[in-house]
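Reproduced below: coords.cif, with mmCIF, C-alpha atoms.
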```cif
data_query
#
loop_
_atom_site.label_atom_id
_atom_site.label_comp_id
_atom_site.auth_asym_id
_atom_site.auth_seq_id
_atom_site.Cartn_x
_atom_site.Cartn_y
_atom_site.Cartn_z
CA MET A 527 101.73 77.95 -11.36
CA SER A 528 98.34 77.50 -12.94
CA ILE A 529 96.04 80.36 -13.86
CA LYS A 530 93.81 79.35 -10.93
CA GLY A 531 96.80 79.62 -8.61
CA VAL A 532 97.78 83.04 -9.95
CA LEU A 533 94.22 84.33 -9.63
CA LEU A 534 93.82 82.94 -6.12
CA THR A 535 97.14 84.44 -5.01
CA THR A 536 96.14 87.80 -6.53
CA ILE A 537 92.71 87.76 -4.86
CA ILE A 538 94.20 86.87 -1.47
CA GLY A 539 96.81 89.61 -1.85
CA LEU A 540 94.25 92.23 -2.82
CA THR A 541 91.91 91.20 0.00
CA TYR A 542 94.72 91.46 2.56
CA SER A 543 95.80 94.81 1.15
CA CYS A 544 92.26 96.25 1.22
CA ASN A 545 91.48 94.96 4.71
CA LYS A 546 94.78 96.24 6.05
CA ASP A 547 94.08 99.74 4.75
CA ILE A 548 90.57 99.76 6.23
CA HIS A 549 91.78 98.92 9.72
CA GLU A 550 94.78 101.22 9.94
CA ALA A 551 94.00 104.47 11.71
CA THR A 552 95.49 107.60 10.20
CA VAL A 553 95.16 109.74 13.34
CA SER A 554 96.84 108.82 16.60
CA TYR A 555 95.21 109.90 19.85
CA GLN A 556 98.58 109.87 21.64
CA GLU A 557 100.74 111.47 18.94
CA ASP A 558 98.33 113.79 17.13
CA LEU A 559 95.60 114.77 19.57
CA ILE A 560 97.19 114.88 23.04
CA PRO A 561 99.47 117.80 22.06
CA ILE A 562 96.45 119.77 20.77
CA ILE A 563 94.38 118.91 23.85
CA SER A 564 97.25 119.91 26.15
CA THR A 565 97.60 123.25 24.39
CA PHE A 566 94.00 124.28 23.73
CA CYS A 567 91.64 122.31 25.96
CA SER A 568 93.25 121.70 29.34
CA GLY A 569 94.82 124.30 31.52
CA THR A 570 94.65 127.88 32.60
CA TYR A 571 91.69 129.19 30.60
CA CYS A 572 89.33 126.28 30.01
CA HIS A 573 89.06 122.77 31.45
CA THR A 574 91.08 123.44 34.55
CA THR A 575 91.24 119.81 35.59
CA ILE A 576 94.53 119.66 33.70
CA THR A 577 94.36 116.08 32.49
CA TYR A 578 90.60 115.60 32.02
CA PHE A 579 90.61 115.30 28.23
CA GLU A 580 94.10 113.82 28.22
CA ASP A 581 92.49 110.78 29.87
CA TYR A 582 91.36 108.59 26.98
CA LEU A 583 88.19 107.33 28.69
CA ASN A 584 86.93 110.88 29.24
CA ILE A 585 87.45 112.03 25.66
CA LYS A 586 86.19 108.70 24.29
CA GLU A 587 82.92 109.27 26.18
CA VAL A 588 82.33 112.70 24.59
CA ALA A 589 83.43 111.36 21.19
CA ASP A 590 80.98 108.45 21.42
CA ASN A 591 78.03 110.52 22.64
CA GLY A 592 78.52 113.13 19.89
CA LYS A 593 79.34 116.10 22.12
CA LEU A 594 82.91 116.40 20.86
CA TRP A 595 81.75 116.35 17.23
CA ASP A 596 79.00 118.90 17.91
CA LYS A 597 81.16 121.37 19.86
CA LEU A 598 84.38 121.05 17.87
CA ILE A 599 83.27 120.27 14.31
CA VAL A 600 79.66 121.45 13.86
CA GLU A 601 79.25 124.43 16.22
CA ARG A 602 82.97 125.28 16.31
CA SER A 603 82.40 126.63 19.80
CA MET A 604 85.28 124.69 21.28
CA PRO A 605 87.85 125.72 22.01
CA PRO A 606 86.95 129.37 22.28
CA SER A 607 89.56 131.86 21.13
CA GLY A 608 92.06 132.34 23.93
CA GLY A 609 91.23 129.00 25.48
CA GLY A 610 93.65 126.51 26.92
CA ASN A 611 97.18 127.60 27.63
CA VAL A 612 97.64 129.87 24.62
CA GLU A 613 96.05 133.27 25.01
CA ASN A 614 94.18 134.64 21.96
CA GLU A 615 94.74 131.58 19.77
CA THR A 616 92.58 128.65 18.79
CA ILE A 617 93.09 125.45 16.87
CA THR A 618 93.55 125.39 13.10
CA GLU A 619 91.26 123.84 10.51
CA ASP A 620 93.82 121.06 10.03
CA GLU A 621 93.68 120.31 13.76
CA ARG A 622 89.87 120.22 13.65
CA ARG A 623 90.11 117.76 10.74
CA LEU A 624 92.41 115.54 12.82
CA PHE A 625 89.71 115.28 15.48
CA ALA A 626 87.01 114.64 12.87
CA THR A 627 89.06 111.89 11.26
CA TRP A 628 89.88 110.35 14.65
CA ILE A 629 86.18 110.21 15.54
CA GLU A 630 85.25 108.79 12.12
CA GLU A 631 87.92 106.10 12.56
CA GLY A 632 86.32 104.99 15.82
CA ALA A 633 88.04 107.26 18.37
CA LEU A 634 90.75 104.69 19.03
CA ASN A 635 93.18 104.72 21.96
CA ASN A 636 96.23 104.64 19.77
#
```
Let me see whether you can do it: turn the structure in this file into structure tokens.
Amino acid sequence: MSIKGVLLTTIIGLTYSCNKDIHEATVSYQEDLIPIISTFCSGTYCHTTITYFEDYLNIKEVADNGKLWDKLIVERSMPPSGGGNVENETITEDERRLFATWIEEGALNN
């Protein structure tokens, strides 16, 4: 193979690798966020319409309009301590980061 061929193959490979990494989400709405939402957001103490935020379109709306970011990441007012279905507990910093990353990645239904 010529040097041109090697360079072209390398460039194509690097381009594919970079683009692939950009488009892969690291946080899954279904696997990572639904369990947190079910525990801390929906239920007995807070959003009593049990599945409101478990419905992707509802949470996508508040992610897109900035309310989720403001309440959960900036103000840290949601969920309040003792909210959801676990009395006197709230989400961890790691769980907040999952939401922040999910929003930054485009709040995908994945």
Please expand the PyMOL selection byres ((chain A and resi 631) around 9) into the concrete residues it hits in this file, giving the result as an mmCIF file with C-alpha atoms, in the frame of the given file.
```
data_model
loop_
_atom_site.group_PDB
_atom_site.id
_atom_site.type_symbol
_atom_site.label_atom_id
_atom_site.label_comp_id
_atom_site.auth_asym_id
_atom_site.auth_seq_id
_atom_site.Cartn_x
_atom_site.Cartn_y
_atom_site.Cartn_z
ATOM 1 C CA HIS A 549 91.780 98.920 9.720
ATOM 2 C CA GLU A 550 94.780 101.220 9.940
ATOM 3 C CA ALA A 551 94.000 104.470 11.710
ATOM 4 C CA THR A 552 95.490 107.600 10.200
ATOM 5 C CA VAL A 553 95.160 109.740 13.340
ATOM 6 C CA ALA A 626 87.010 114.640 12.870
ATOM 7 C CA THR A 627 89.060 111.890 11.260
ATOM 8 C CA TRP A 628 89.880 110.350 14.650
ATOM 9 C CA ILE A 629 86.180 110.210 15.540
ATOM 10 C CA GLU A 630 85.250 108.790 12.120
ATOM 11 C CA GLY A 632 86.320 104.990 15.820
ATOM 12 C CA ALA A 633 88.040 107.260 18.370
ATOM 13 C CA LEU A 634 90.750 104.690 19.030
#
```
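You will find atom CA of Glu615 of chain A at 22.1 Å from atom CA of Gln556 of chain A.
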message: Please determine, counting all atoms listed in the file, which residue among A:Glu601, A:Ile562, A:Ser554, A:Asp581 has the shortest atom-to-atom distance to Asp620 of chain A.
response: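 Checking each candidate against Asp620 of chain A, we get A:Ile562 as the closest.
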- request: Report as a list in words the residues that result from applying the PyMOL selection byres ((chain A and resi 589) around 10) to the structure here.
  value: Leu583, Asn584, Ile585, Lys586, Glu587, Val588, Asp590, Asn591, Gly592, Lys593, Leu594, Trp595, Asp596, Phe625, Ala626, Trp628, Ile629, Glu630, Gly632 and Ala633 of chain A
Closest of A:Asn636, A:Val600, A:Phe579, A:Arg623 to Phe566 of chain A - atom-to-atom distances counting all atoms listed in the file: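 That would be A:Phe579, the residue with the smallest distance to Phe566 of chain A.
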task: Enter the distance from atom CA of Arg622 of chain A to atom CA of Ile599 of chain A, in Å, rounded to one decimal.
output: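 Taking atom CA of Arg622 of chain A and atom CA of Ile599 of chain A, their separation equals 6.6 Å.
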field: atom CA of Thr565 of chain A to atom CA of Arg602 of chain A, distance in Å rounded to a single decimal
entry: 16.8 Å
